[in-house]
file structure_21.pdb (PDB, N, CA and C atoms)
ATOM      1  N   MET R 293     -21.600 -82.626  57.123
ATOM      2  CA  MET R 293     -21.950 -82.411  55.729
ATOM      3  C   MET R 293     -21.458 -81.016  55.310
ATOM      4  N   MET R 294     -20.848 -80.949  54.153
ATOM      5  CA  MET R 294     -20.313 -79.665  53.700
ATOM      6  C   MET R 294     -21.401 -78.812  53.053
ATOM      7  N   LYS R 295     -21.096 -77.534  52.911
ATOM      8  CA  LYS R 295     -22.019 -76.601  52.269
ATOM      9  C   LYS R 295     -22.003 -76.843  50.763
ATOM     10  N   PRO R 296     -23.111 -76.514  50.077
ATOM     11  CA  PRO R 296     -23.157 -76.695  48.620
ATOM     12  C   PRO R 296     -22.026 -75.972  47.885
ATOM     13  N   GLU R 297     -21.657 -74.779  48.371
ATOM     14  CA  GLU R 297     -20.579 -74.019  47.735
ATOM     15  C   GLU R 297     -19.252 -74.762  47.862
ATOM     16  N   GLU R 298     -19.027 -75.360  49.038
ATOM     17  CA  GLU R 298     -17.792 -76.124  49.261
ATOM     18  C   GLU R 298     -17.752 -77.351  48.359
ATOM     19  N   PHE R 299     -18.895 -78.021  48.230
ATOM     20  CA  PHE R 299     -18.932 -79.201  47.374
ATOM     21  C   PHE R 299     -18.684 -78.822  45.922
ATOM     22  N   ALA R 300     -19.276 -77.720  45.466
ATOM     23  CA  ALA R 300     -19.073 -77.279  44.079
ATOM     24  C   ALA R 300     -17.598 -76.998  43.825
ATOM     25  N   GLN R 301     -16.946 -76.356  44.778
ATOM     26  CA  GLN R 301     -15.516 -76.061  44.637
ATOM     27  C   GLN R 301     -14.710 -77.360  44.581
ATOM     28  N   ARG R 302     -15.024 -78.290  45.462
ATOM     29  CA  ARG R 302     -14.326 -79.578  45.472
ATOM     30  C   ARG R 302     -14.593 -80.352  44.177
ATOM     31  N   PHE R 303     -15.823 -80.275  43.681
ATOM     32  CA  PHE R 303     -16.212 -80.941  42.434
ATOM     33  C   PHE R 303     -15.357 -80.428  41.274
ATOM     34  N   ILE R 304     -15.232 -79.109  41.156
ATOM     35  CA  ILE R 304     -14.455 -78.503  40.071
ATOM     36  C   ILE R 304     -12.976 -78.877  40.206
ATOM     37  N   GLN R 305     -12.441 -78.848  41.415
ATOM     38  CA  GLN R 305     -11.039 -79.236  41.638
ATOM     39  C   GLN R 305     -10.821 -80.697  41.265
ATOM     40  N   THR R 306     -11.752 -81.545  41.630
ATOM     41  CA  THR R 306     -11.656 -82.969  41.305
ATOM     42  C   THR R 306     -11.699 -83.176  39.799
ATOM     43  N   ALA R 307     -12.580 -82.449  39.129
ATOM     44  CA  ALA R 307     -12.678 -82.554  37.668
ATOM     45  C   ALA R 307     -11.344 -82.192  37.018
ATOM     46  N   GLU R 308     -10.712 -81.133  37.511
ATOM     47  CA  GLU R 308      -9.402 -80.728  36.974
ATOM     48  C   GLU R 308      -8.358 -81.815  37.216
ATOM     49  N   GLN R 309      -8.359 -82.384  38.412
ATOM     50  CA  GLN R 309      -7.406 -83.446  38.750
ATOM     51  C   GLN R 309      -7.617 -84.677  37.882
ATOM     52  N   MET R 310      -8.858 -84.912  37.465
ATOM     53  CA  MET R 310      -9.171 -86.058  36.613
ATOM     54  C   MET R 310      -8.827 -85.779  35.149
ATOM     55  N   GLY R 311      -8.395 -84.544  34.860
ATOM     56  CA  GLY R 311      -7.988 -84.200  33.507
ATOM     57  C   GLY R 311      -9.064 -83.583  32.638
ATOM     58  N   HIS R 312     -10.195 -83.220  33.236
ATOM     59  CA  HIS R 312     -11.264 -82.584  32.464
ATOM     60  C   HIS R 312     -10.935 -81.111  32.258
ATOM     61  N   VAL R 313     -11.350 -80.591  31.121
ATOM     62  CA  VAL R 313     -11.075 -79.203  30.761
ATOM     63  C   VAL R 313     -12.215 -78.315  31.252
ATOM     64  N   LEU R 314     -11.851 -77.106  31.700
ATOM     65  CA  LEU R 314     -12.844 -76.142  32.155
ATOM     66  C   LEU R 314     -12.969 -75.005  31.154
ATOM     67  N   THR R 315     -14.162 -74.432  31.076
ATOM     68  CA  THR R 315     -14.361 -73.237  30.260
ATOM     69  C   THR R 315     -13.775 -72.051  31.027
ATOM     70  N   PRO R 316     -13.580 -70.908  30.370
ATOM     71  CA  PRO R 316     -13.106 -69.720  31.095
ATOM     72  C   PRO R 316     -14.042 -69.326  32.241
ATOM     73  N   GLY R 317     -15.317 -69.679  32.129
ATOM     74  CA  GLY R 317     -16.286 -69.381  33.181
ATOM     75  C   GLY R 317     -16.280 -70.378  34.323
ATOM     76  N   GLY R 318     -15.475 -71.429  34.220
ATOM     77  CA  GLY R 318     -15.365 -72.408  35.295
ATOM     78  C   GLY R 318     -16.270 -73.614  35.169
ATOM     79  N   ASN R 319     -16.902 -73.816  34.015
ATOM     80  CA  ASN R 319     -17.751 -74.990  33.802
ATOM     81  C   ASN R 319     -16.909 -76.163  33.322
ATOM     82  N   VAL R 320     -17.305 -77.364  33.701
ATOM     83  CA  VAL R 320     -16.628 -78.571  33.235
ATOM     84  C   VAL R 320     -17.152 -78.884  31.831
ATOM     85  N   ILE R 321     -16.241 -79.025  30.877
ATOM     86  CA  ILE R 321     -16.637 -79.321  29.502
ATOM     87  C   ILE R 321     -16.968 -80.804  29.385
ATOM     88  N   CYS R 322     -18.144 -81.080  28.843
ATOM     89  CA  CYS R 322     -18.602 -82.452  28.648
ATOM     90  C   CYS R 322     -18.699 -82.715  27.153
ATOM     91  N   ASP R 323     -17.783 -83.511  26.626
ATOM     92  CA  ASP R 323     -17.803 -83.833  25.198
ATOM     93  C   ASP R 323     -19.097 -84.555  24.846
ATOM     94  N   GLY R 324     -19.837 -83.993  23.915
ATOM     95  CA  GLY R 324     -21.076 -84.625  23.478
ATOM     96  C   GLY R 324     -22.252 -84.386  24.400
ATOM     97  N   GLY R 325     -22.063 -83.552  25.405
ATOM     98  CA  GLY R 325     -23.148 -83.258  26.333
ATOM     99  C   GLY R 325     -23.093 -81.799  26.740
ATOM    100  N   LYS R 326     -23.940 -81.419  27.664
ATOM    101  CA  LYS R 326     -23.957 -80.037  28.145
ATOM    102  C   LYS R 326     -22.886 -79.870  29.219
ATOM    103  N   ASN R 327     -22.245 -78.714  29.222
ATOM    104  CA  ASN R 327     -21.234 -78.433  30.233
ATOM    105  C   ASN R 327     -21.879 -78.382  31.615
ATOM    106  N   ILE R 328     -21.100 -78.707  32.636
ATOM    107  CA  ILE R 328     -21.618 -78.750  34.002
ATOM    108  C   ILE R 328     -21.101 -77.530  34.754
ATOM    109  N   SER R 329     -22.016 -76.683  35.196
ATOM    110  CA  SER R 329     -21.634 -75.449  35.890
ATOM    111  C   SER R 329     -21.566 -75.679  37.400
ATOM    112  N   PRO R 330     -20.760 -74.859  38.090
ATOM    113  CA  PRO R 330     -20.731 -74.947  39.554
ATOM    114  C   PRO R 330     -22.118 -74.705  40.160
ATOM    115  N   GLY R 331     -22.921 -73.853  39.522
ATOM    116  CA  GLY R 331     -24.275 -73.593  40.017
ATOM    117  C   GLY R 331     -25.146 -74.833  39.992
ATOM    118  N   LYS R 332     -25.044 -75.603  38.915
ATOM    119  CA  LYS R 332     -25.823 -76.843  38.816
ATOM    120  C   LYS R 332     -25.350 -77.841  39.871
ATOM    121  N   VAL R 333     -24.047 -77.894  40.093
ATOM    122  CA  VAL R 333     -23.493 -78.790  41.109
ATOM    123  C   VAL R 333     -24.047 -78.416  42.482
ATOM    124  N   GLN R 334     -24.103 -77.123  42.781
ATOM    125  CA  GLN R 334     -24.643 -76.670  44.066
ATOM    126  C   GLN R 334     -26.105 -77.065  44.225
ATOM    127  N   VAL R 335     -26.891 -76.858  43.184
ATOM    128  CA  VAL R 335     -28.322 -77.190  43.238
ATOM    129  C   VAL R 335     -28.515 -78.680  43.498
ATOM    130  N   LEU R 336     -27.768 -79.514  42.784
ATOM    131  CA  LEU R 336     -27.907 -80.963  42.960
ATOM    132  C   LEU R 336     -27.469 -81.394  44.353
ATOM    133  N   TYR R 337     -26.429 -80.764  44.889
ATOM    134  CA  TYR R 337     -25.971 -81.114  46.236
ATOM    135  C   TYR R 337     -27.002 -80.673  47.275
ATOM    136  N   LYS R 338     -27.611 -79.502  47.076
ATOM    137  CA  LYS R 338     -28.669 -79.052  48.000
ATOM    138  C   LYS R 338     -29.836 -80.029  47.982
ATOM    139  N   ARG R 339     -30.182 -80.506  46.785
ATOM    140  CA  ARG R 339     -31.341 -81.377  46.605
ATOM    141  C   ARG R 339     -31.090 -82.796  47.124
ATOM    142  N   TYR R 340     -29.909 -83.347  46.881
ATOM    143  CA  TYR R 340     -29.645 -84.759  47.180
ATOM    144  C   TYR R 340     -28.613 -84.993  48.279
ATOM    145  N   GLY R 341     -27.864 -83.965  48.665
ATOM    146  CA  GLY R 341     -26.802 -84.156  49.645
ATOM    147  C   GLY R 341     -25.749 -85.099  49.095
ATOM    148  N   GLU R 342     -25.192 -85.934  49.954
ATOM    149  CA  GLU R 342     -24.155 -86.860  49.505
ATOM    150  C   GLU R 342     -24.711 -87.943  48.591
ATOM    151  N   GLY R 343     -26.021 -88.041  48.502
ATOM    152  CA  GLY R 343     -26.657 -88.975  47.580
ATOM    153  C   GLY R 343     -26.697 -88.454  46.152
ATOM    154  N   CYS R 344     -26.075 -87.302  45.915
ATOM    155  CA  CYS R 344     -26.091 -86.720  44.564
ATOM    156  C   CYS R 344     -25.363 -87.602  43.559
ATOM    157  N   VAL R 345     -24.534 -88.526  44.042
ATOM    158  CA  VAL R 345     -23.841 -89.459  43.144
ATOM    159  C   VAL R 345     -24.867 -90.286  42.373
ATOM    160  N   GLY R 346     -25.983 -90.573  42.999
ATOM    161  CA  GLY R 346     -27.033 -91.347  42.342
ATOM    162  C   GLY R 346     -28.230 -90.494  41.969
ATOM    163  N   CYS R 347     -27.991 -89.223  41.663
ATOM    164  CA  CYS R 347     -29.106 -88.316  41.366
ATOM    165  C   CYS R 347     -29.933 -88.825  40.186
ATOM    166  N   ALA R 348     -31.167 -88.408  40.170
ATOM    167  CA  ALA R 348     -32.104 -88.862  39.141
ATOM    168  C   ALA R 348     -31.679 -88.405  37.750
ATOM    169  N   SER R 349     -31.920 -89.254  36.771
ATOM    170  CA  SER R 349     -31.552 -88.922  35.394
ATOM    171  C   SER R 349     -32.351 -87.729  34.870
ATOM    172  N   LYS R 350     -33.487 -87.427  35.500
ATOM    173  CA  LYS R 350     -34.284 -86.268  35.064
ATOM    174  C   LYS R 350     -33.524 -84.959  35.249
ATOM    175  N   GLU R 351     -32.502 -84.971  36.106
ATOM    176  CA  GLU R 351     -31.695 -83.769  36.324
ATOM    177  C   GLU R 351     -30.846 -83.438  35.096
ATOM    178  N   PHE R 352     -30.635 -84.426  34.243
ATOM    179  CA  PHE R 352     -29.844 -84.256  33.022
ATOM    180  C   PHE R 352     -30.675 -84.762  31.843
ATOM    181  N   GLN R 353     -31.791 -84.110  31.581
ATOM    182  CA  GLN R 353     -32.689 -84.552  30.515
ATOM    183  C   GLN R 353     -31.970 -84.558  29.171
ATOM    184  N   ASN R 354     -32.098 -85.664  28.470
ATOM    185  CA  ASN R 354     -31.487 -85.834  27.145
ATOM    186  C   ASN R 354     -29.980 -85.603  27.152
ATOM    187  N   ASP R 355     -29.332 -85.892  28.276
ATOM    188  CA  ASP R 355     -27.890 -85.670  28.388
ATOM    189  C   ASP R 355     -27.252 -86.804  29.196
ATOM    190  N   ALA R 356     -27.264 -88.000  28.631
ATOM    191  CA  ALA R 356     -26.720 -89.169  29.326
ATOM    192  C   ALA R 356     -25.229 -89.008  29.616
ATOM    193  N   ARG R 357     -24.504 -88.376  28.702
ATOM    194  CA  ARG R 357     -23.063 -88.178  28.927
ATOM    195  C   ARG R 357     -22.804 -87.231  30.089
ATOM    196  N   GLY R 358     -23.593 -86.168  30.169
ATOM    197  CA  GLY R 358     -23.452 -85.224  31.276
ATOM    198  C   GLY R 358     -23.747 -85.886  32.611
ATOM    199  N   LEU R 359     -24.780 -86.724  32.648
ATOM    200  CA  LEU R 359     -25.141 -87.448  33.868
ATOM    201  C   LEU R 359     -24.014 -88.375  34.290
ATOM    202  N   LYS R 360     -23.480 -89.129  33.343
ATOM    203  CA  LYS R 360     -22.393 -90.063  33.643
ATOM    204  C   LYS R 360     -21.160 -89.314  34.148
ATOM    205  N   LEU R 361     -20.839 -88.192  33.499
ATOM    206  CA  LEU R 361     -19.686 -87.395  33.908
ATOM    207  C   LEU R 361     -19.900 -86.822  35.301
ATOM    208  N   PHE R 362     -21.091 -86.262  35.557
ATOM    209  CA  PHE R 362     -21.390 -85.703  36.876
ATOM    210  C   PHE R 362     -21.226 -86.760  37.957
ATOM    211  N   ARG R 363     -21.814 -87.916  37.727
ATOM    212  CA  ARG R 363     -21.760 -88.974  38.740
ATOM    213  C   ARG R 363     -20.328 -89.422  39.021
ATOM    214  N   SER R 364     -19.511 -89.547  37.972
ATOM    215  CA  SER R 364     -18.134 -90.015  38.181
ATOM    216  C   SER R 364     -17.309 -88.981  38.943
ATOM    217  N   ILE R 365     -17.489 -87.700  38.618
ATOM    218  CA  ILE R 365     -16.736 -86.660  39.330
ATOM    219  C   ILE R 365     -17.239 -86.534  40.765
ATOM    220  N   ALA R 366     -18.557 -86.557  40.954
ATOM    221  CA  ALA R 366     -19.137 -86.432  42.298
ATOM    222  C   ALA R 366     -18.676 -87.573  43.198
ATOM    223  N   GLU R 367     -18.626 -88.773  42.645
ATOM    224  CA  GLU R 367     -18.187 -89.930  43.435
ATOM    225  C   GLU R 367     -16.758 -89.731  43.932
ATOM    226  N   ARG R 368     -15.891 -89.256  43.056
ATOM    227  CA  ARG R 368     -14.499 -88.993  43.448
ATOM    228  C   ARG R 368     -14.409 -87.847  44.445
ATOM    229  N   ALA R 369     -15.191 -86.796  44.215
ATOM    230  CA  ALA R 369     -15.153 -85.620  45.090
ATOM    231  C   ALA R 369     -15.606 -85.970  46.507
ATOM    232  N   LEU R 370     -16.545 -86.891  46.612
ATOM    233  CA  LEU R 370     -17.043 -87.298  47.928
ATOM    234  C   LEU R 370     -16.202 -88.411  48.548
ATOM    235  N   GLY R 371     -15.425 -89.112  47.683
ATOM    236  CA  GLY R 371     -14.644 -90.277  48.068
ATOM    237  C   GLY R 371     -13.769 -90.082  49.226
TER     238      GLY R 371
END
call {"tool": "encode", "arguments": {"input": "structure_21.pdb", "output": "structure tokens"}}
result
Amino acid sequence: MMKPEEFAQRFIQTAEQMGHVLTPGGNVICDGGKNISPGKVQVLYKRYGEGCVGCASKEFQNDARGLKLFRSIAERALG
């Protein structure tokens, strides 16, 4: 199992490869939702491990688009 920092880095690289735009601070821009930061990715990976692909919707309260985007990128990053 990789470290949370390694997963966050892989997550961001995967997002770029999928064509998602990053902010100057390195967050993944989510159209219509909240941007996803590497810090949030690390926290979710620490909490759920490789099961973060199916993380609880409570992690993205009132942000269904952010949840969907996170899950799709995480699935590819772990793939």
call {"tool": "resolve_selection", "arguments": {"input": "structure_21.pdb", "expression": "the PyMOL selection byres ((chain R and resi 366) around 8)", "output": "JSON list (two decimals) with N, CA and C atoms, in the coordinates of the input"}}
result
[["chain", "number", "residue", "atom", "x", "y", "z"],
["R", 302, "ARG", "N", -15.02, -78.29, 45.46],
["R", 302, "ARG", "CA", -14.33, -79.58, 45.47],
["R", 302, "ARG", "C", -14.59, -80.35, 44.18],
["R", 303, "PHE", "N", -15.82, -80.28, 43.68],
["R", 303, "PHE", "CA", -16.21, -80.94, 42.43],
["R", 303, "PHE", "C", -15.36, -80.43, 41.27],
["R", 306, "THR", "N", -11.75, -81.54, 41.63],
["R", 306, "THR", "CA", -11.66, -82.97, 41.30],
["R", 306, "THR", "C", -11.70, -83.18, 39.80],
["R", 307, "ALA", "N", -12.58, -82.45, 39.13],
["R", 307, "ALA", "CA", -12.68, -82.55, 37.67],
["R", 307, "ALA", "C", -11.34, -82.19, 37.02],
["R", 344, "CYS", "N", -26.08, -87.30, 45.92],
["R", 344, "CYS", "CA", -26.09, -86.72, 44.56],
["R", 344, "CYS", "C", -25.36, -87.60, 43.56],
["R", 345, "VAL", "N", -24.53, -88.53, 44.04],
["R", 345, "VAL", "CA", -23.84, -89.46, 43.14],
["R", 345, "VAL", "C", -24.87, -90.29, 42.37],
["R", 346, "GLY", "N", -25.98, -90.57, 43.00],
["R", 346, "GLY", "CA", -27.03, -91.35, 42.34],
["R", 346, "GLY", "C", -28.23, -90.49, 41.97],
["R", 360, "LYS", "N", -23.48, -89.13, 33.34],
["R", 360, "LYS", "CA", -22.39, -90.06, 33.64],
["R", 360, "LYS", "C", -21.16, -89.31, 34.15],
["R", 361, "LEU", "N", -20.84, -88.19, 33.50],
["R", 361, "LEU", "CA", -19.69, -87.40, 33.91],
["R", 361, "LEU", "C", -19.90, -86.82, 35.30],
["R", 362, "PHE", "N", -21.09, -86.26, 35.56],
["R", 362, "PHE", "CA", -21.39, -85.70, 36.88],
["R", 362, "PHE", "C", -21.23, -86.76, 37.96],
["R", 363, "ARG", "N", -21.81, -87.92, 37.73],
["R", 363, "ARG", "CA", -21.76, -88.97, 38.74],
["R", 363, "ARG", "C", -20.33, -89.42, 39.02],
["R", 364, "SER", "N", -19.51, -89.55, 37.97],
["R", 364, "SER", "CA", -18.13, -90.02, 38.18],
["R", 364, "SER", "C", -17.31, -88.98, 38.94],
["R", 365, "ILE", "N", -17.49, -87.70, 38.62],
["R", 365, "ILE", "CA", -16.74, -86.66, 39.33],
["R", 365, "ILE", "C", -17.24, -86.53, 40.76],
["R", 367, "GLU", "N", -18.63, -88.77, 42.64],
["R", 367, "GLU", "CA", -18.19, -89.93, 43.44],
["R", 367, "GLU", "C", -16.76, -89.73, 43.93],
["R", 368, "ARG", "N", -15.89, -89.26, 43.06],
["R", 368, "ARG", "CA", -14.50, -88.99, 43.45],
["R", 368, "ARG", "C", -14.41, -87.85, 44.44],
["R", 369, "ALA", "N", -15.19, -86.80, 44.22],
["R", 369, "ALA", "CA", -15.15, -85.62, 45.09],
["R", 369, "ALA", "C", -15.61, -85.97, 46.51],
["R", 370, "LEU", "N", -16.55, -86.89, 46.61],
["R", 370, "LEU", "CA", -17.04, -87.30, 47.93],
["R", 370, "LEU", "C", -16.20, -88.41, 48.55],
["R", 371, "GLY", "N", -15.42, -89.11, 47.68],
["R", 371, "GLY", "CA", -14.64, -90.28, 48.07],
["R", 371, "GLY", "C", -13.77, -90.08, 49.23]]
call {"tool": "closest_residue", "arguments": {"input": "structure_21.pdb", "among": "R:Leu314, R:Ala300, R:Ala348, R:Met294", "to": "Val333 (chain R)", "atoms": "only C-alpha atoms"}}
result
R:Ala300
call {"tool": "atom_distance", "arguments": {"input": "structure_21.pdb", "atom1": "CA of Arg357 (chain R)", "atom2": "CA of Gly324 (chain R)"}}
result
6.8 Å
call {"tool": "residues_near_point", "arguments": {"input": "structure_21.pdb", "point": "(-21.4, -75.8, 44.9)", "cutoff": "7 Å", "atoms": "all atoms listed in the file", "output": "PyMOL selection string"}}
result
chain R and resi 295-302+330-335
call {"tool": "atom_distance", "arguments": {"input": "structure_21.pdb", "atom1": "CA of Cys347 (chain R)", "atom2": "CA of Pro316 (chain R)"}}
result
26.6 Å
call {"tool": "closest_residue", "arguments": {"input": "structure_21.pdb", "among": "R:Glu308, R:Tyr337, R:Met293, R:Asn354", "to": "Gly325 (chain R)", "atoms": "only N, CA and C atoms"}}
result
R:Asn354
call {"tool": "atom_distance", "arguments": {"input": "structure_21.pdb", "atom1": "CA of Asn327 (chain R)", "atom2": "CA of Met310 (chain R)"}}
result
15.6 Å
call {"tool": "closest_residue", "arguments": {"input": "structure_21.pdb", "among": "R:Leu336, R:Gln309, R:Ser349, R:Gly358", "to": "Ile321 (chain R)", "atoms": "only C-alpha atoms"}}
result
R:Gly358
call {"tool": "decode", "arguments": {"input": "structure_21.pdb", "residues": "region 338-356 of chain R", "atoms": "N, CA and C atoms", "output": "compact mmCIF listing (two decimals), in the first residue's frame"}}
result
# COMPACT_ATOMS: atom_id res chain seq x y z
N LYS R 338 -5.92 8.18 3.68
CA LYS R 338 -5.59 7.72 5.04
C LYS R 338 -6.79 7.04 5.67
N ARG R 339 -7.97 7.62 5.45
CA ARG R 339 -9.20 7.13 6.08
C ARG R 339 -9.70 5.83 5.44
N TYR R 340 -9.64 5.71 4.13
CA TYR R 340 -10.25 4.58 3.42
C TYR R 340 -9.26 3.65 2.74
N GLY R 341 -8.01 4.06 2.59
CA GLY R 341 -7.04 3.24 1.86
C GLY R 341 -7.48 3.10 0.41
N GLU R 342 -7.25 1.93 -0.16
CA GLU R 342 -7.61 1.72 -1.56
C GLU R 342 -9.12 1.68 -1.75
N GLY R 343 -9.87 1.62 -0.67
CA GLY R 343 -11.32 1.69 -0.74
C GLY R 343 -11.85 3.10 -0.90
N CYS R 344 -10.94 4.06 -1.06
CA CYS R 344 -11.36 5.47 -1.19
C CYS R 344 -12.18 5.69 -2.46
N VAL R 345 -12.10 4.76 -3.41
CA VAL R 345 -12.90 4.87 -4.64
C VAL R 345 -14.38 4.87 -4.28
N GLY R 346 -14.74 4.15 -3.24
CA GLY R 346 -16.13 4.10 -2.81
C GLY R 346 -16.37 4.88 -1.53
N CYS R 347 -15.61 5.95 -1.32
CA CYS R 347 -15.73 6.71 -0.07
C CYS R 347 -17.15 7.23 0.12
N ALA R 348 -17.48 7.45 1.36
CA ALA R 348 -18.83 7.89 1.71
C ALA R 348 -19.15 9.27 1.13
N SER R 349 -20.39 9.45 0.73
CA SER R 349 -20.81 10.72 0.16
C SER R 349 -20.73 11.86 1.18
N LYS R 350 -20.70 11.52 2.47
CA LYS R 350 -20.59 12.56 3.50
C LYS R 350 -19.26 13.31 3.40
N GLU R 351 -18.28 12.70 2.74
CA GLU R 351 -16.98 13.36 2.57
C GLU R 351 -17.08 14.55 1.61
N PHE R 352 -18.12 14.56 0.80
CA PHE R 352 -18.35 15.64 -0.17
C PHE R 352 -19.77 16.16 0.03
N GLN R 353 -20.04 16.73 1.19
CA GLN R 353 -21.38 17.21 1.50
C GLN R 353 -21.83 18.26 0.50
N ASN R 354 -23.03 18.07 -0.02
CA ASN R 354 -23.62 18.99 -1.00
C ASN R 354 -22.75 19.21 -2.22
N ASP R 355 -21.96 18.20 -2.59
CA ASP R 355 -21.06 18.33 -3.73
C ASP R 355 -21.02 17.01 -4.51
N ALA R 356 -22.13 16.66 -5.13
CA ALA R 356 -22.22 15.40 -5.87
C ALA R 356 -21.23 15.36 -7.03
